[in-house]
Every structure is written in C-alpha cells, then in structure tokens.
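Note: the block below is my_file_16.cif and it holds mmCIF, N, CA and C atoms.
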data_final
loop_
_atom_site.label_atom_id
_atom_site.label_comp_id
_atom_site.auth_asym_id
_atom_site.auth_seq_id
_atom_site.Cartn_x
_atom_site.Cartn_y
_atom_site.Cartn_z
N MET A 1 0.85 -1.18 0.00
CA MET A 1 0.00 0.00 0.00
C MET A 1 0.89 1.24 0.00
N SER A 2 0.58 2.16 -0.84
CA SER A 2 1.34 3.40 -0.93
C SER A 2 1.13 4.24 0.33
N PRO A 3 2.20 4.87 0.86
CA PRO A 3 2.02 5.73 2.03
C PRO A 3 1.12 6.92 1.73
N HIS A 4 0.95 7.26 0.45
CA HIS A 4 0.07 8.37 0.09
C HIS A 4 -1.39 8.01 0.36
N ALA A 5 -1.69 6.71 0.36
CA ALA A 5 -3.08 6.27 0.53
C ALA A 5 -3.49 6.17 2.00
N VAL A 6 -2.54 6.25 2.91
CA VAL A 6 -2.85 6.12 4.33
C VAL A 6 -3.00 7.52 4.93
N PRO A 7 -4.22 7.90 5.26
CA PRO A 7 -4.43 9.26 5.76
C PRO A 7 -4.11 9.43 7.24
N PHE A 8 -3.69 10.61 7.58
CA PHE A 8 -3.60 11.05 8.97
C PHE A 8 -4.84 11.91 9.20
N PHE A 9 -5.22 12.07 10.45
CA PHE A 9 -6.38 12.90 10.76
C PHE A 9 -6.01 13.92 11.82
N VAL A 10 -6.54 15.12 11.67
CA VAL A 10 -6.37 16.18 12.67
C VAL A 10 -7.75 16.73 13.02
N ARG A 11 -7.87 17.19 14.26
CA ARG A 11 -9.13 17.76 14.71
C ARG A 11 -8.90 19.20 15.13
N ASP A 12 -9.74 20.07 14.65
CA ASP A 12 -9.70 21.48 15.02
C ASP A 12 -10.31 21.59 16.42
N ASP A 13 -9.53 22.03 17.39
CA ASP A 13 -10.00 22.11 18.77
C ASP A 13 -11.13 23.13 18.95
N GLU A 14 -11.19 24.13 18.11
CA GLU A 14 -12.22 25.15 18.25
C GLU A 14 -13.57 24.72 17.66
N THR A 15 -13.53 24.00 16.54
CA THR A 15 -14.78 23.61 15.88
C THR A 15 -15.11 22.13 16.03
N ALA A 16 -14.13 21.33 16.46
CA ALA A 16 -14.23 19.86 16.57
C ALA A 16 -14.36 19.18 15.21
N LEU A 17 -14.15 19.91 14.11
CA LEU A 17 -14.18 19.30 12.78
C LEU A 17 -12.89 18.52 12.55
N VAL A 18 -12.99 17.41 11.84
CA VAL A 18 -11.85 16.54 11.56
C VAL A 18 -11.46 16.68 10.10
N TYR A 19 -10.15 16.76 9.85
CA TYR A 19 -9.62 16.89 8.50
C TYR A 19 -8.59 15.79 8.29
N ASP A 20 -8.42 15.38 7.03
CA ASP A 20 -7.42 14.36 6.73
C ASP A 20 -6.31 14.95 5.87
N PHE A 21 -5.14 14.29 5.94
CA PHE A 21 -4.00 14.71 5.12
C PHE A 21 -3.06 13.53 4.95
N SER A 22 -2.21 13.58 3.94
CA SER A 22 -1.18 12.56 3.75
C SER A 22 0.12 13.07 4.36
N TYR A 23 1.06 12.18 4.52
CA TYR A 23 2.34 12.59 5.10
C TYR A 23 3.05 13.63 4.23
N LEU A 24 2.69 13.72 2.97
CA LEU A 24 3.31 14.71 2.08
C LEU A 24 2.92 16.13 2.46
N GLU A 25 1.84 16.30 3.22
CA GLU A 25 1.42 17.63 3.65
C GLU A 25 2.17 18.12 4.88
N VAL A 26 2.97 17.24 5.51
CA VAL A 26 3.75 17.65 6.68
C VAL A 26 4.95 18.44 6.16
N VAL A 27 5.03 19.71 6.54
CA VAL A 27 6.07 20.59 6.00
C VAL A 27 7.22 20.83 6.97
N THR A 28 7.20 20.18 8.12
CA THR A 28 8.26 20.35 9.10
C THR A 28 9.52 19.66 8.59
N GLU A 29 10.60 20.38 8.52
CA GLU A 29 11.86 19.88 7.98
C GLU A 29 12.30 18.59 8.67
N GLY A 30 12.49 17.54 7.87
CA GLY A 30 13.06 16.31 8.38
C GLY A 30 12.09 15.36 9.05
N PHE A 31 10.86 15.75 9.28
CA PHE A 31 9.90 14.88 9.97
C PHE A 31 8.64 14.77 9.14
N ARG A 32 8.49 13.68 8.39
CA ARG A 32 7.34 13.51 7.52
C ARG A 32 6.27 12.62 8.13
N GLY A 33 6.26 12.45 9.41
CA GLY A 33 5.25 11.64 10.06
C GLY A 33 4.57 12.44 11.14
N SER A 34 3.77 11.76 11.91
CA SER A 34 3.07 12.40 13.02
C SER A 34 2.76 11.32 14.04
N ARG A 35 2.57 11.71 15.26
CA ARG A 35 2.25 10.76 16.33
C ARG A 35 0.89 11.09 16.92
N ILE A 36 0.20 10.06 17.37
CA ILE A 36 -1.11 10.25 17.98
C ILE A 36 -1.00 11.21 19.16
N GLY A 37 -1.88 12.19 19.18
CA GLY A 37 -1.92 13.16 20.27
C GLY A 37 -0.96 14.33 20.11
N GLU A 38 -0.19 14.32 19.05
CA GLU A 38 0.79 15.39 18.82
C GLU A 38 0.08 16.67 18.38
N TRP A 39 0.55 17.80 18.87
CA TRP A 39 -0.01 19.09 18.48
C TRP A 39 0.57 19.52 17.15
N VAL A 40 -0.32 19.93 16.25
CA VAL A 40 0.10 20.42 14.93
C VAL A 40 -0.67 21.70 14.61
N ARG A 41 -0.16 22.42 13.66
CA ARG A 41 -0.86 23.58 13.10
C ARG A 41 -1.10 23.24 11.63
N PHE A 42 -2.26 23.60 11.10
CA PHE A 42 -2.55 23.26 9.71
C PHE A 42 -3.49 24.29 9.10
N LEU A 43 -3.54 24.28 7.79
CA LEU A 43 -4.49 25.10 7.04
C LEU A 43 -5.55 24.19 6.44
N ILE A 44 -6.75 24.71 6.27
CA ILE A 44 -7.81 23.95 5.62
C ILE A 44 -7.60 24.05 4.12
N ASP A 45 -7.65 22.90 3.44
CA ASP A 45 -7.44 22.85 2.00
C ASP A 45 -8.62 23.50 1.28
N PRO A 46 -8.39 24.61 0.57
CA PRO A 46 -9.51 25.29 -0.10
C PRO A 46 -10.02 24.52 -1.31
N ASP A 47 -9.23 23.56 -1.80
CA ASP A 47 -9.61 22.81 -3.01
C ASP A 47 -10.21 21.43 -2.71
N ARG A 48 -10.22 21.02 -1.44
CA ARG A 48 -10.70 19.68 -1.11
C ARG A 48 -11.44 19.71 0.22
N SER A 49 -12.70 19.45 0.18
CA SER A 49 -13.52 19.45 1.39
C SER A 49 -13.00 18.41 2.39
N GLY A 50 -12.82 18.82 3.62
CA GLY A 50 -12.35 17.90 4.66
C GLY A 50 -10.87 17.64 4.64
N GLY A 51 -10.12 18.41 3.85
CA GLY A 51 -8.69 18.20 3.74
C GLY A 51 -7.88 19.25 4.49
N ALA A 52 -6.71 18.85 4.97
CA ALA A 52 -5.77 19.76 5.62
C ALA A 52 -4.51 19.83 4.76
N VAL A 53 -3.86 20.99 4.76
CA VAL A 53 -2.61 21.18 4.03
C VAL A 53 -1.62 21.92 4.92
N ASP A 54 -0.37 21.91 4.51
CA ASP A 54 0.69 22.64 5.22
C ASP A 54 0.68 22.33 6.71
N VAL A 55 0.75 21.06 7.05
CA VAL A 55 0.71 20.62 8.44
C VAL A 55 2.10 20.81 9.06
N VAL A 56 2.15 21.50 10.18
CA VAL A 56 3.40 21.78 10.88
C VAL A 56 3.35 21.13 12.25
N ARG A 57 4.33 20.28 12.53
CA ARG A 57 4.43 19.65 13.85
C ARG A 57 4.96 20.68 14.84
N LEU A 58 4.32 20.80 15.99
CA LEU A 58 4.70 21.82 16.97
C LEU A 58 5.62 21.30 18.07
N ASP A 59 5.53 20.05 18.42
CA ASP A 59 6.34 19.48 19.49
C ASP A 59 7.39 18.54 18.89
N LEU A 60 8.39 19.13 18.28
CA LEU A 60 9.41 18.31 17.62
C LEU A 60 10.35 17.64 18.61
N PRO A 61 10.66 16.37 18.37
CA PRO A 61 11.64 15.70 19.20
C PRO A 61 13.04 16.18 18.85
N ASP A 62 13.97 15.92 19.72
CA ASP A 62 15.38 16.19 19.42
C ASP A 62 15.79 15.29 18.25
N VAL A 63 16.39 15.84 17.21
CA VAL A 63 16.71 15.10 16.00
C VAL A 63 17.63 13.92 16.30
N ASP A 64 18.68 14.13 17.09
CA ASP A 64 19.61 13.04 17.40
C ASP A 64 18.93 11.91 18.16
N GLU A 65 18.06 12.24 19.10
CA GLU A 65 17.31 11.23 19.86
C GLU A 65 16.35 10.47 18.95
N TYR A 66 15.69 11.18 18.08
CA TYR A 66 14.67 10.59 17.22
C TYR A 66 15.26 9.54 16.29
N TYR A 67 16.45 9.79 15.77
CA TYR A 67 17.05 8.89 14.79
C TYR A 67 18.07 7.92 15.37
N ARG A 68 18.05 7.69 16.67
CA ARG A 68 18.95 6.67 17.26
C ARG A 68 18.48 5.30 16.95
#
Encoded form (structure tokens):
Amino acid sequence: MSPHAVPFFVRDDETALVYDFSYLEVVTEGFRGSRIGEWVRFLIDPDRSGGAVDVVRLDLPDVDEYYR
C-alpha cells in the first residue's frame, strides 16, 4: 500500500471538525510523520472538502534522539 493512501487525521479544537492529510502535507523539515496526540498547526485545503494542508508539527523531538 502506498504511504500516500494512508491518511492522517487532525481535529480542530475550536470547531471539533476533523480533517485528513497525507504525510506529504507535513512541511516540518526532516519529519514527515506524526504521532497520535501530537499538536500540529494546519491550514484547511480550499480545493478539497475535509482536507488539511501545510501541516506543521509543533512538538518536535530532538533530531539526534529521534534517529537513534
């Protein structure tokens, strides 16, 4: 299965609406994944209903620790 086909989901805390995105939408340098419960910032995709784009991870791990 292509990693593009496996969606991640984010929930807007203010509206409780849920949006989906692929790992390609994660724009944080060096980290193309996400973890359950992790805080992110995202934009709503204007071209796709229910989609998120430009997802930024807010609680980044230490790079050296992450890749041990």
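Each of A:Ala16, A:Ile36, A:Val6, A:Val27 was compared to A:Val53 using only C-alpha atoms, and A:Val27 turns out to be the nearest.
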### Message
Expand the PyMOL selection byres ((chain A and resi 54) around 5) into the explicit residue set it covers here, and present it as a VMD selection string.
### Response
chain A and resid 25 42 to 43 52 to 53 55 to 56
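The list of residues with at least one atom within 6.5 Å of A:Val10, based on only N, CA and C atoms and without residues fewer than 5 positions apart in the same chain, reads Leu17, Val18, Tyr19, Asp20 and Phe21 of chain A.
A straight line drawn from atom N of A:Val40 to atom C of A:Arg68 is 23.8 Å long.
Atom CA of A:Asp62 sits 23.1 Å away from atom CA of A:Ser22.
Here atom N of A:Arg41 stands at a distance of 7.8 Å from atom N of A:Asp59.
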Enclose all atoms of stretch 35-42 of chain A listed in the file in an axis-aligned box, grow every side by 4 Å, and hand back centre and edge lengths in Å to one decimal, as JSON.
{"center_x": -0.5, "center_y": 17.2, "center_z": 14.7, "size_x": 14.1, "size_y": 22.2, "size_z": 19.2}
